[in-house]
$ cat target_31.cif   # mmCIF, C-alpha atoms
data_coords
loop_
_atom_site.label_atom_id
_atom_site.label_comp_id
_atom_site.auth_asym_id
_atom_site.auth_seq_id
_atom_site.Cartn_x
_atom_site.Cartn_y
_atom_site.Cartn_z
CA MET G 1 26.30 -4.01 -8.74
CA ASN G 2 23.98 -2.53 -6.13
CA LEU G 3 20.90 -4.32 -4.79
CA ASP G 4 18.51 -2.41 -7.03
CA ASP G 5 20.43 -3.39 -10.18
CA GLU G 6 20.79 -6.94 -8.92
CA LEU G 7 17.02 -7.26 -8.39
CA ARG G 8 16.33 -5.85 -11.85
CA ARG G 9 18.77 -8.32 -13.40
CA LYS G 10 17.30 -11.30 -11.59
CA ALA G 11 13.75 -10.27 -12.46
CA ARG G 12 14.78 -9.95 -16.13
CA GLU G 13 16.56 -13.29 -16.22
CA GLU G 14 14.10 -15.34 -14.16
CA GLU G 15 11.20 -16.29 -16.35
CA VAL G 16 8.16 -17.05 -14.22
CA GLN G 17 6.19 -19.64 -16.18
CA VAL G 18 2.43 -19.09 -16.42
CA PRO G 19 0.75 -22.40 -15.54
CA GLU G 20 -1.38 -24.12 -18.14
CA GLU G 21 -4.48 -23.76 -15.95
CA PHE G 22 -4.10 -19.97 -15.84
CA SER G 23 -3.47 -19.60 -19.59
CA ARG G 24 -6.44 -21.82 -20.39
CA ARG G 25 -8.78 -19.72 -18.25
CA VAL G 26 -7.55 -16.50 -19.87
CA GLU G 27 -7.96 -17.99 -23.32
CA GLU G 28 -11.48 -19.25 -22.57
CA THR G 29 -12.53 -15.89 -21.15
CA LEU G 30 -11.24 -14.02 -24.21
CA LYS G 31 -13.09 -16.38 -26.55
CA ARG G 32 -16.38 -15.70 -24.73
CA LEU G 33 -16.20 -11.93 -25.19
CA PRO G 34 -18.85 -10.52 -27.53
CA VAL G 35 -17.87 -8.48 -30.57
CA LYS G 36 -18.82 -4.81 -30.32
CA LYS G 37 -18.07 -1.82 -32.44
CA ARG G 38 -15.18 0.32 -31.37
CA ARG G 39 -16.07 3.85 -30.41
CA PRO G 40 -14.25 6.65 -32.18
CA VAL G 41 -11.36 7.97 -30.11
CA LEU G 42 -11.69 11.61 -31.13
CA TRP G 43 -14.63 12.49 -28.89
CA ARG G 44 -12.73 11.28 -25.86
CA ARG G 45 -9.79 13.46 -26.71
CA TYR G 46 -12.11 16.44 -27.12
CA LEU G 47 -13.84 15.85 -23.80
CA SER G 48 -10.53 15.43 -22.10
CA GLY G 49 -9.45 18.84 -23.39
CA VAL G 50 -12.64 20.50 -22.19
CA SER G 51 -12.41 19.02 -18.73
CA ALA G 52 -8.77 20.06 -18.43
CA ALA G 53 -9.82 23.65 -19.11
CA ALA G 54 -12.55 23.41 -16.50
CA ILE G 55 -10.24 22.67 -13.60
CA ALA G 56 -11.27 24.62 -10.55
CA VAL G 57 -9.06 27.30 -9.06
CA MET G 58 -6.27 25.96 -6.91
CA PHE G 59 -5.92 27.36 -3.43
CA LEU G 60 -2.31 27.30 -2.41
CA LEU G 61 -1.62 29.14 0.78
CA PRO G 62 2.02 29.07 1.73
CA ASN G 63 2.90 30.88 4.90
CA SER G 64 4.29 33.71 2.80
CA SER G 65 2.71 36.87 4.18
CA ALA G 66 3.21 38.34 7.62
CA ALA G 67 -0.56 38.48 8.13
CA MET G 68 -0.95 34.84 7.24
CA ALA G 69 1.96 33.90 9.48
CA ASP G 70 0.42 35.81 12.38
CA THR G 71 -2.97 34.18 11.81
CA MET G 72 -1.45 30.75 11.76
CA ALA G 73 0.70 31.39 14.80
CA ASN G 74 -2.41 32.39 16.73
CA LEU G 75 -4.10 29.06 16.13
CA PRO G 76 -4.69 27.08 19.33
CA LEU G 77 -1.64 25.23 20.60
CA VAL G 78 -1.86 21.49 20.32
CA GLY G 79 0.47 20.67 23.16
CA PRO G 80 2.63 22.11 25.87
CA LEU G 81 5.99 21.95 24.10
CA PHE G 82 5.75 21.65 20.35
CA GLN G 83 3.35 23.78 18.34
CA VAL G 84 2.04 22.46 15.07
CA ILE G 85 0.29 24.67 12.55
CA THR G 86 -1.20 24.14 9.14
CA VAL G 87 1.37 25.85 7.00
CA ARG G 88 -0.21 25.13 3.64
CA THR G 89 -3.57 24.01 2.37
CA TYR G 90 -4.11 22.68 -1.09
CA GLN G 91 -7.52 22.11 -2.59
CA GLN G 92 -8.45 21.37 -6.12
CA GLY G 93 -11.40 19.78 -7.84
CA GLU G 94 -12.44 18.74 -11.28
CA GLY G 95 -15.42 16.42 -11.63
CA LYS G 96 -14.55 13.19 -9.87
CA ASN G 97 -11.01 14.34 -9.18
CA GLN G 98 -10.74 16.03 -5.79
CA ILE G 99 -7.83 16.74 -3.51
CA SER G 100 -7.72 18.40 -0.11
CA ILE G 101 -4.48 18.58 1.81
CA SER G 102 -3.57 20.26 5.10
CA GLU G 103 0.18 20.35 5.48
CA PRO G 104 1.40 20.62 9.06
CA GLN G 105 4.59 22.24 10.23
CA ILE G 106 6.19 21.94 13.64
CA ALA G 107 6.80 25.50 14.77
CA GLN G 108 9.83 24.88 17.01
CA GLU G 109 12.45 24.80 14.31
CA GLY G 110 16.04 25.12 15.36
CA GLU G 111 19.15 23.21 16.22
CA GLY G 112 18.60 19.95 18.00
CA THR G 113 14.81 19.92 18.25
CA GLY G 114 14.28 17.37 15.49
CA ALA G 115 11.48 19.53 14.10
CA GLN G 116 13.29 20.70 11.00
CA GLU G 117 14.06 17.17 9.85
CA ILE G 118 10.44 16.12 10.16
CA ASN G 119 9.16 19.32 8.53
CA GLU G 120 11.33 18.60 5.52
CA GLU G 121 10.12 14.99 5.34
CA VAL G 122 6.51 16.08 5.61
CA GLU G 123 6.95 18.75 2.93
CA THR G 124 8.52 16.22 0.56
CA TYR G 125 5.72 13.76 1.26
CA ILE G 126 3.00 16.34 0.62
CA ASP G 127 4.72 17.56 -2.56
CA GLN G 128 4.74 13.96 -3.79
CA LEU G 129 1.02 13.62 -3.08
CA ILE G 130 0.21 16.84 -4.95
CA ASP G 131 2.40 15.80 -7.85
CA GLU G 132 0.69 12.40 -7.97
CA TYR G 133 -2.69 14.08 -8.06
CA GLU G 134 -1.69 16.42 -10.86
CA GLN G 135 -0.29 13.52 -12.84
CA SER G 136 -3.29 11.25 -12.18
CA ALA G 137 -6.11 13.74 -12.68
CA ASN G 138 -6.21 13.01 -16.40
CA GLY G 139 -5.69 9.29 -15.96
CA PHE G 140 -8.47 6.98 -14.90
CA GLY G 141 -10.96 9.73 -14.14
CA TYR G 142 -11.52 9.18 -10.40
CA TYR G 143 -9.08 10.37 -7.76
CA ASP G 144 -10.21 11.68 -4.40
CA LEU G 145 -7.49 12.35 -1.84
CA ASP G 146 -7.94 13.85 1.61
CA VAL G 147 -4.89 14.45 3.81
CA THR G 148 -5.20 15.61 7.42
CA TRP G 149 -2.89 15.63 10.43
CA GLN G 150 -3.05 15.35 14.20
CA VAL G 151 -0.65 15.43 17.12
CA VAL G 152 -0.81 12.07 18.88
CA THR G 153 1.66 12.68 21.71
CA ASN G 154 3.22 15.90 23.02
CA THR G 155 4.97 15.57 26.35
CA GLU G 156 8.30 16.70 27.72
CA ASN G 157 9.74 13.38 26.55
CA TRP G 158 7.97 12.50 23.37
CA PHE G 159 6.34 14.07 20.35
CA THR G 160 4.40 12.20 17.66
CA LEU G 161 2.81 13.70 14.57
CA ARG G 162 0.42 11.58 12.51
CA ILE G 163 -0.60 12.23 8.92
CA ASP G 164 -3.71 10.50 7.54
CA SER G 165 -4.20 9.99 3.82
CA ASP G 166 -7.55 8.78 2.50
CA LEU G 167 -7.43 7.97 -1.16
CA VAL G 168 -10.45 6.82 -3.14
CA MET G 169 -9.97 5.62 -6.68
CA ALA G 170 -11.76 2.42 -7.72
CA SER G 171 -11.89 1.56 -4.01
CA GLY G 172 -10.95 3.39 -0.82
CA ASN G 173 -7.65 3.22 0.97
CA HIS G 174 -6.44 4.72 4.23
CA GLN G 175 -2.84 5.25 5.29
CA GLU G 176 -1.24 6.61 8.42
CA GLN G 177 2.28 7.95 8.70
CA TYR G 178 3.86 8.70 12.06
CA TYR G 179 6.82 10.93 12.88
CA HIS G 180 8.39 10.72 16.34
CA ILE G 181 10.85 12.91 18.23
CA TYR G 182 12.56 12.05 21.51
CA VAL G 183 12.31 15.55 22.91
CA PRO G 184 15.35 15.65 25.30
CA THR G 185 17.79 14.98 22.43
CA GLY G 186 15.69 16.11 19.45
CA GLU G 187 16.33 12.79 17.70
CA GLN G 188 13.83 11.26 15.33
CA LYS G 189 12.97 7.72 16.44
CA ASN G 190 11.66 4.54 14.85
CA LEU G 191 10.34 1.37 16.46
CA SER G 192 13.76 -0.29 16.32
CA ASP G 193 15.20 2.56 18.42
CA LEU G 194 12.84 1.82 21.31
CA PHE G 195 14.51 -1.43 22.36
CA PRO G 196 18.04 -2.69 23.08
CA ALA G 197 19.80 -4.05 20.00
CA ASP G 198 19.94 -7.58 21.42
CA TYR G 199 16.25 -7.74 22.30
CA ASP G 200 13.97 -9.58 19.86
CA TYR G 201 11.08 -7.12 20.05
CA VAL G 202 9.88 -8.17 16.57
CA SER G 203 8.99 -11.66 17.80
CA VAL G 204 7.49 -10.49 21.10
CA ILE G 205 5.27 -7.87 19.43
CA SER G 206 4.32 -10.17 16.57
CA GLU G 207 3.23 -12.94 18.93
CA GLU G 208 1.06 -10.60 20.93
CA LEU G 209 -0.48 -9.12 17.79
CA LYS G 210 -1.40 -12.56 16.47
CA GLU G 211 -2.91 -13.48 19.81
CA GLN G 212 -4.97 -10.28 19.83
CA MET G 213 -6.11 -10.86 16.23
CA TRP G 214 -7.34 -14.36 17.09
CA GLN G 215 -9.11 -12.98 20.16
CA ARG G 216 -10.84 -10.23 18.16
CA MET G 217 -12.05 -12.77 15.61
CA GLU G 218 -13.48 -14.94 18.38
CA GLU G 219 -15.26 -12.02 20.00
CA ASP G 220 -16.52 -10.27 16.87
CA GLU G 221 -17.54 -12.14 13.73
CA SER G 222 -17.15 -9.04 11.58
CA GLN G 223 -13.43 -8.92 12.40
CA TYR G 224 -11.20 -10.98 10.16
CA TYR G 225 -7.42 -11.16 9.97
CA TRP G 226 -5.15 -13.02 7.59
CA LEU G 227 -3.44 -15.47 9.91
CA GLU G 228 -2.02 -18.95 9.43
CA GLY G 229 -4.99 -21.30 9.42
CA THR G 230 -7.73 -18.74 8.86
CA THR G 231 -7.71 -18.92 5.08
CA LYS G 232 -6.38 -21.00 2.25
CA LEU G 233 -3.73 -18.37 1.72
CA GLY G 234 -0.83 -20.80 1.87
CA ASN G 235 2.10 -18.86 3.30
CA TYR G 236 0.41 -15.54 2.59
CA TYR G 237 -0.64 -14.36 6.01
CA PHE G 238 0.52 -11.98 8.71
CA ASP G 239 3.35 -13.55 10.63
CA GLU G 240 5.73 -10.83 11.72
CA ILE G 241 5.90 -7.05 11.92
CA GLN G 242 8.47 -5.08 9.98
CA ARG G 243 11.54 -4.02 11.94
CA ASP G 244 10.40 -0.39 11.76
CA GLN G 245 6.68 -0.93 11.77
CA GLU G 246 4.58 2.19 12.40
CA PHE G 247 3.74 2.76 16.07
CA TYR G 248 2.64 5.40 18.56
CA PHE G 249 2.07 5.82 22.29
CA ASP G 250 -1.51 6.25 23.51
CA GLN G 251 -2.63 8.58 26.31
CA GLN G 252 -1.71 5.99 28.94
CA GLY G 253 1.78 5.52 27.53
CA ASN G 254 1.01 2.15 25.98
CA LEU G 255 2.62 1.17 22.71
CA VAL G 256 0.12 0.91 19.88
CA ILE G 257 0.72 -0.76 16.50
CA PRO G 258 -1.50 0.60 13.70
CA PHE G 259 -1.90 -1.26 10.43
CA ASP G 260 -2.90 0.19 7.08
CA LYS G 261 -6.01 -1.05 5.35
CA TYR G 262 -5.33 -4.42 3.64
CA GLU G 263 -2.03 -4.82 5.50
CA VAL G 264 -3.17 -7.65 7.77
CA SER G 265 -6.86 -7.96 6.98
CA PRO G 266 -9.50 -7.40 4.31
CA GLY G 267 -10.76 -3.88 3.72
CA SER G 268 -13.91 -4.61 5.72
CA THR G 269 -11.80 -4.78 8.90
CA GLY G 270 -10.51 -1.27 8.19
CA SER G 271 -7.22 0.00 9.60
CA PRO G 272 -6.87 -1.89 12.88
CA HIS G 273 -4.83 -0.60 15.85
CA PHE G 274 -3.49 -2.88 18.60
CA THR G 275 -2.49 -1.73 22.08
CA LEU G 276 0.38 -3.88 23.34
CA THR G 277 0.19 -5.22 26.88
CA THR G 278 3.02 -7.77 27.21
CA PRO G 279 4.85 -6.72 30.45
CA GLU G 280 8.21 -7.99 29.18
CA LEU G 281 8.03 -5.54 26.30
CA TYR G 282 7.72 -2.55 28.62
CA GLU G 283 10.59 -3.82 30.78
CA HIS G 284 12.85 -3.47 27.75
CA LEU G 285 11.47 -0.16 26.53
CA LEU G 286 14.25 2.47 26.31
CA TYR G 287 11.97 5.48 25.83
CA ARG G 288 8.67 6.48 27.38
CA PRO G 289 6.37 9.36 26.48
CA MET T 1 -8.21 -3.24 -35.86
CA GLU T 2 -11.52 -4.24 -34.28
CA GLU T 3 -11.88 -3.51 -30.59
CA LEU T 4 -12.11 -7.16 -29.57
CA GLU T 5 -9.02 -8.05 -31.55
CA TRP T 6 -7.09 -5.18 -30.01
CA PHE T 7 -8.29 -6.06 -26.51
CA THR T 8 -7.42 -9.76 -26.92
CA GLU T 9 -3.95 -8.89 -28.08
CA GLN T 10 -3.39 -6.55 -25.14
CA VAL T 11 -4.57 -9.10 -22.58
CA LYS T 12 -2.37 -11.82 -24.02
CA GLU T 13 0.63 -9.50 -23.95
CA ASN T 14 -0.04 -8.82 -20.29
CA GLN T 15 -0.92 -12.36 -19.26
CA THR T 16 2.35 -13.06 -17.46
CA ALA T 17 2.19 -9.76 -15.58
CA MET T 18 -1.40 -10.54 -14.57
CA TYR T 19 -0.37 -13.96 -13.32
CA ARG T 20 2.52 -12.60 -11.26
CA LEU T 21 0.43 -9.85 -9.67
CA ALA T 22 -2.51 -12.13 -8.87
CA MET T 23 -0.18 -14.79 -7.45
CA SER T 24 1.61 -12.22 -5.33
CA MET T 25 -1.71 -11.23 -3.80
CA LEU T 26 -3.60 -14.55 -3.66
CA GLY T 27 -0.95 -17.25 -3.49
CA ASN T 28 -2.53 -19.96 -5.61
CA THR T 29 -3.18 -20.49 -9.30
CA GLU T 30 -6.88 -21.25 -9.01
CA ASP T 31 -7.74 -17.98 -7.27
CA ALA T 32 -5.33 -16.07 -9.51
CA ALA T 33 -7.18 -17.43 -12.56
CA ASP T 34 -10.55 -16.49 -11.03
CA ALA T 35 -9.34 -12.93 -10.46
CA ALA T 36 -7.88 -12.69 -13.97
CA GLN T 37 -11.08 -13.98 -15.52
CA GLU T 38 -13.22 -11.41 -13.70
CA ALA T 39 -10.74 -8.63 -14.47
CA ILE T 40 -10.81 -9.43 -18.20
CA LEU T 41 -14.62 -9.39 -18.30
CA ILE T 42 -14.82 -6.09 -16.40
CA ALA T 43 -12.05 -4.49 -18.45
CA TYR T 44 -13.75 -5.37 -21.72
CA GLN T 45 -17.07 -4.06 -20.48
CA LYS T 46 -15.53 -0.81 -19.26
CA LEU T 47 -13.10 -0.33 -22.14
CA PRO T 48 -15.00 2.67 -23.57
CA SER T 49 -14.37 4.53 -20.31
CA LEU T 50 -10.59 4.21 -20.67
CA ARG T 51 -9.49 7.65 -21.79
CA LYS T 52 -6.07 6.75 -23.11
CA ARG T 53 -5.33 3.45 -24.78
CA GLU T 54 -1.69 3.76 -23.73
CA SER T 55 -2.90 3.53 -20.11
CA PHE T 56 -4.42 0.11 -20.77
CA ARG T 57 -1.72 -1.87 -18.96
CA PRO T 58 -1.85 -0.10 -15.55
CA TRP T 59 -5.63 0.20 -15.92
CA LEU T 60 -6.00 -3.57 -16.42
CA MET T 61 -3.71 -4.24 -13.46
CA ARG T 62 -5.76 -1.88 -11.32
CA ILE T 63 -8.93 -3.80 -12.15
CA LEU T 64 -7.11 -7.06 -11.43
CA THR T 65 -5.99 -5.71 -8.05
CA ASN T 66 -9.59 -4.92 -7.15
CA GLU T 67 -10.66 -8.43 -8.09
CA CYS T 68 -7.87 -9.89 -5.95
CA TYR T 69 -9.03 -7.80 -3.00
CA ALA T 70 -12.60 -8.97 -3.61
CA ILE T 71 -11.45 -12.60 -3.47
CA LEU T 72 -9.46 -11.96 -0.30
CA ARG T 73 -12.50 -10.32 1.30
CA GLY T 74 -14.68 -13.28 0.40
CA ARG T 75 -12.42 -15.96 1.76
CA LYS T 76 -13.72 -18.04 4.61
CA LYS T 77 -13.06 -16.73 8.07
CA VAL T 78 -12.04 -20.07 9.51
CA ILE T 79 -11.41 -23.27 7.61
CA PRO T 80 -13.04 -26.30 9.25
CA LEU T 81 -10.57 -28.94 10.36
CA ASP T 82 -11.86 -31.53 7.90
CA GLU T 83 -10.97 -29.19 5.05
CA VAL T 84 -7.45 -28.52 6.22
CA SER T 85 -6.00 -31.31 4.11
CA GLU T 86 -7.25 -29.52 1.01
CA LEU T 87 -5.17 -26.45 1.73
CA PRO T 88 -2.04 -25.81 -0.30
CA ALA T 89 1.01 -26.61 1.82
CA ALA T 90 2.96 -23.64 0.50
CA PRO T 91 2.61 -20.92 -2.10
CA GLU T 92 3.11 -22.19 -5.58
CA CYS T 93 6.55 -20.71 -6.09
CA GLU T 94 8.94 -22.34 -8.47
CA GLU T 95 11.95 -23.38 -6.46
CA HIS T 96 14.56 -22.78 -9.14
CA LEU T 97 13.69 -19.10 -9.34
CA GLN T 98 15.74 -17.43 -6.63
CA LEU T 99 14.14 -13.98 -6.67
CA TRP T 100 10.59 -15.28 -7.11
CA GLN T 101 11.16 -17.57 -4.11
CA ALA T 102 12.40 -14.62 -2.06
CA VAL T 103 9.42 -12.50 -3.13
CA CYS T 104 7.13 -15.30 -1.95
CA GLY T 105 8.77 -14.95 1.46
CA LEU T 106 7.66 -11.31 1.83
CA ASN T 107 4.40 -10.31 3.41
CA GLN T 108 1.38 -9.56 1.24
CA GLN T 109 1.78 -5.80 1.47
CA LEU T 110 5.30 -5.87 0.02
CA ARG T 111 5.02 -8.62 -2.59
CA ALA T 112 2.80 -6.83 -5.09
CA VAL T 113 4.96 -3.69 -5.00
CA ILE T 114 8.11 -5.67 -5.79
CA VAL T 115 6.44 -7.67 -8.56
CA LEU T 116 5.08 -4.55 -10.25
CA TYR T 117 8.34 -2.62 -9.88
CA TYR T 118 11.01 -5.15 -10.75
CA TYR T 119 9.26 -7.72 -12.94
CA ASP T 120 6.85 -5.47 -14.78
CA GLY T 121 8.76 -2.18 -14.79
CA PHE T 122 5.96 0.03 -13.54
CA SER T 123 6.90 3.39 -12.03
CA GLY T 124 6.16 4.27 -8.41
CA LYS T 125 3.31 6.49 -9.55
CA GLU T 126 1.77 3.73 -11.66
CA ILE T 127 2.11 1.22 -8.82
CA GLY T 128 0.36 3.64 -6.48
CA THR T 129 -2.49 3.92 -8.96
CA ILE T 130 -2.70 0.16 -9.44
CA LEU T 131 -2.66 -0.71 -5.75
CA GLY T 132 -4.68 2.28 -4.57
CA ILE T 133 -1.91 3.69 -2.38
CA THR T 134 0.15 6.87 -2.59
CA GLU T 135 3.45 7.00 -4.44
CA ALA T 136 5.13 7.93 -1.18
CA ASN T 137 3.78 4.75 0.35
CA VAL T 138 5.02 2.75 -2.63
CA LYS T 139 8.52 4.09 -1.99
CA THR T 140 8.30 3.18 1.69
CA ARG T 141 7.18 -0.34 0.85
CA LEU T 142 9.88 -0.74 -1.80
CA SER T 143 12.50 0.31 0.69
CA ARG T 144 11.23 -2.14 3.30
CA ALA T 145 10.94 -4.94 0.76
CA ARG T 146 14.51 -4.40 -0.48
CA LYS T 147 15.83 -4.78 3.07
CA HIS T 148 13.99 -8.08 3.44
CA LEU T 149 15.00 -9.31 0.00
CA ARG T 150 18.66 -8.61 0.72
CA ILE T 151 18.44 -10.85 3.79
CA LEU T 152 16.41 -13.54 2.02
CA LEU T 153 18.67 -13.60 -1.03
CA GLU T 154 21.85 -13.65 1.04
CA GLY T 155 20.41 -16.50 3.09
CA SER T 156 19.63 -18.56 0.00
CA GLN T 157 23.16 -18.30 -1.44
#

$ encode --input "target_31.cif" --output "structure tokens"
Amino acid sequence: MNLDDELRRKAREEEVQVPEEFSRRVEETLKRLPVKKRRPVLWRRYLSGVSAAAIAVMFLLPNSSAAMADTMANLPLVGPLFQVITVRTYQQGEGKNQISISEPQIAQEGEGTGAQEINEEVETYIDQLIDEYEQSANGFGYYDLDVTWQVVTNTENWFTLRIDSDLVMASGNHQEQYYHIYVPTGEQKNLSDLFPADYDYVSVISEELKEQMWQRMEEDESQYYWLEGTTKLGNYYFDEIQRDQEFYFDQQGNLVIPFDKYEVSPGSTGSPHFTLTTPELYEHLLYRP
Amino acid sequence: MEELEWFTEQVKENQTAMYRLAMSMLGNTEDAADAAQEAILIAYQKLPSLRKRESFRPWLMRILTNECYAILRGRKKVIPLDEVSELPAAPECEEHLQLWQAVCGLNQQLRAVIVLYYYDGFSGKEIGTILGITEANVKTRLSRARKHLRILLEGSQ
């Protein structure tokens, strides 16, 4: 039995008991609800049909024509070694449902550059986003997704492409995805590749991050992070990064750890980034931009 | 069936799922009950705006998620020392439940995804809608969570 099946089995067999206090509150809340007449369902079905017919024209621009390819190839270069172009844009809108996607492609495809692998990953990711939008547009009635890209690092040693996704449904969310190539070998790299196997970079980075979070909270009252002792969250607080946490190098070559919204802090703190400064960390770093 | 009767039935059917999700995000029964209470009131008020009744379950969970986030946003920045003794010592996880214990050991970002996927059987797309993240991000989080759960479950055996 693989892990996925094992987890499904355990979840099915383990019955999490709802505490009395929780059930009582639910019951009391339900009893307090006022009676109101149910609206007929038909009008909603009708409106749904009308709005589906009113979907705006979709602009899908694959790099299919020679003219389009030439135009795109003439866009300004973003770095000295790798060129990245917008290979496809996708825009669609219907009422409160909006989507705008710019799909990047690394131009230097070929054996050993690492570009092809990332291009395929990016294309799959963007296809998923478009599919999600098309599936969700008739769901809850509010879906606004904006996807953009930027090249973070482009040196003779290192290349990093970042894709930003801003999704607004009932509330806003922001996500960043990073793709890295070690240019001399064309290998795609993750955080765990940056350090020797026997070096506990997870602990070193995590400790510095927690220290920086405490410092930010002391210096700025609007900053708030979920740390042990800051809230009555019990064990639910940021303690350690994931083994392959997202990262990038800044212009000075420093390692930066970005967090998604709600990952380590409330939405009001946004998507915080932390520049790491612990000297020991850089002594163990196997790759530099 | 009257609307209230239908709504009450649906909420009761989803009570356990609501509890698990709220606990995975908030970590204690009192806050989980607060979030559930608010979510029920909002859901009932906004029920006419729900286009498809068959979408009720993920819709309710989405509202609950928002209420959990609202509670997390409102929590005190720093707890005074004299209040520390009132804090729960650990999340209220039942010790005899091996997977639930392991899920409690994950970070906040991963817990809700696992609960919705394995306990409640939601699809990646539905989880993305409920948590306000993309399906691709759900898959990434599931993959990360599985790696951690494997270690946690192996360690507990």

$ closest_residue --input "target_31.cif" --among "G:Tyr179, G:Tyr287, G:Tyr90, G:Trp226" --to "Gln245 (chain G)" --atoms "all atoms listed in the file"
G:Tyr179

$ residues_around --input "target_31.cif" --residues "Glu9 (chain T)" --least-positions-apart "4" --cutoff "12 Å" --atoms "all atoms listed in the file" --output "JSON, numbers by chain"
{"G": [26, 27, 30, 31], "T": [1, 2, 3, 4, 5, 13, 14, 15, 56, 57]}

$ closest_residue --input "target_31.cif" --among "G:Leu276, G:Val204, G:Val87, G:Val122" --to "chain T" --atoms "all atoms listed in the file"
G:Val122

$ resolve_selection --input "target_31.cif" --expression "the PyMOL selection byres ((chain G and resi 207-214) around 12)" --output "JSON, numbers by chain"
{"G": [200, 201, 202, 203, 204, 205, 206, 215, 216, 217, 218, 219, 220, 221, 223, 224, 225, 226, 227, 228, 229, 230, 237, 238, 239, 240, 241, 255, 256, 257, 258, 259, 264, 265, 269, 272, 273, 274, 275, 276, 277, 278, 279, 280, 281], "T": [77, 78]}

$ residues_around --input "target_31.cif" --residues "Glu120 (chain G)" --least-positions-apart "6" --cutoff "12 Å" --atoms "only C-alpha atoms" --output "ChimeraX atom specification"
/G:103-106,109,114,126-127,179

$ atom_distance --input "target_31.cif" --atom1 "CA of Gln91 (chain G)" --atom2 "CA of Leu60 (chain T)"
29.2 Å

$ residues_around --input "target_31.cif" --residues "region 19-24 of chain T" --least-positions-apart "6" --cutoff "6 Å" --atoms "all atoms listed in the file" --output "PyMOL selection string"
chain T and resi 32+111-112

$ residues_around --input "target_31.cif" --residues "region 247-252 of chain G" --least-positions-apart "6" --cutoff "7 Å" --atoms "all atoms listed in the file" --output "PyMOL selection string"
chain G and resi 153+191+258+289

$ closest_residue --input "target_31.cif" --among "G:Asp4, G:Asp193, G:Glu117, G:Glu246" --to "chain T" --atoms "all atoms listed in the file"
G:Asp4

$ resolve_selection --input "target_31.cif" --expression "the PyMOL selection byres ((chain G and resi 151) around 10)" --output "ChimeraX atom specification"
/G:78-79,82-84,104,149-150,152-154,159-163,178-179

$ build_atoms --input "target_31.cif" --residues "region 245-258 of chain G" --atoms "N, CA and C atoms" --output "mmCIF file, in the frame of the given file"
data_model
loop_
_atom_site.group_PDB
_atom_site.id
_atom_site.type_symbol
_atom_site.label_atom_id
_atom_site.label_comp_id
_atom_site.auth_asym_id
_atom_site.auth_seq_id
_atom_site.Cartn_x
_atom_site.Cartn_y
_atom_site.Cartn_z
ATOM 1 N N GLN G 245 8.126 -1.051 11.921
ATOM 2 C CA GLN G 245 6.680 -0.930 11.770
ATOM 3 C C GLN G 245 6.209 0.402 12.376
ATOM 4 N N GLU G 246 5.140 0.960 11.813
ATOM 5 C CA GLU G 246 4.580 2.190 12.400
ATOM 6 C C GLU G 246 4.123 1.912 13.829
ATOM 7 N N PHE G 247 4.187 2.910 14.690
ATOM 8 C CA PHE G 247 3.740 2.760 16.070
ATOM 9 C C PHE G 247 3.417 4.146 16.631
ATOM 10 N N TYR G 248 2.771 4.168 17.796
ATOM 11 C CA TYR G 248 2.640 5.400 18.560
ATOM 12 C C TYR G 248 2.346 5.045 20.016
ATOM 13 N N PHE G 249 2.443 6.025 20.889
ATOM 14 C CA PHE G 249 2.070 5.820 22.290
ATOM 15 C C PHE G 249 0.671 6.401 22.508
ATOM 16 N N ASP G 250 -0.190 5.681 23.220
ATOM 17 C CA ASP G 250 -1.510 6.250 23.510
ATOM 18 C C ASP G 250 -1.441 7.132 24.761
ATOM 19 N N GLN G 251 -2.574 7.646 25.179
ATOM 20 C CA GLN G 251 -2.630 8.580 26.310
ATOM 21 C C GLN G 251 -2.080 7.981 27.598
ATOM 22 N N GLN G 252 -2.196 6.655 27.724
ATOM 23 C CA GLN G 252 -1.710 5.990 28.940
ATOM 24 C C GLN G 252 -0.243 5.570 28.827
ATOM 25 N N GLY G 253 0.372 5.892 27.711
ATOM 26 C CA GLY G 253 1.780 5.520 27.530
ATOM 27 C C GLY G 253 1.973 4.129 26.979
ATOM 28 N N ASN G 254 0.881 3.489 26.563
ATOM 29 C CA ASN G 254 1.010 2.150 25.980
ATOM 30 C C ASN G 254 1.450 2.241 24.526
ATOM 31 N N LEU G 255 2.219 1.245 24.119
ATOM 32 C CA LEU G 255 2.620 1.170 22.710
ATOM 33 C C LEU G 255 1.449 0.665 21.885
ATOM 34 N N VAL G 256 1.202 1.331 20.765
ATOM 35 C CA VAL G 256 0.120 0.910 19.880
ATOM 36 C C VAL G 256 0.686 0.660 18.484
ATOM 37 N N ILE G 257 0.298 -0.455 17.878
ATOM 38 C CA ILE G 257 0.720 -0.760 16.500
ATOM 39 C C ILE G 257 -0.489 -0.568 15.584
ATOM 40 N N PRO G 258 -0.416 0.411 14.678
ATOM 41 C CA PRO G 258 -1.500 0.600 13.700
ATOM 42 C C PRO G 258 -1.146 -0.094 12.380
#
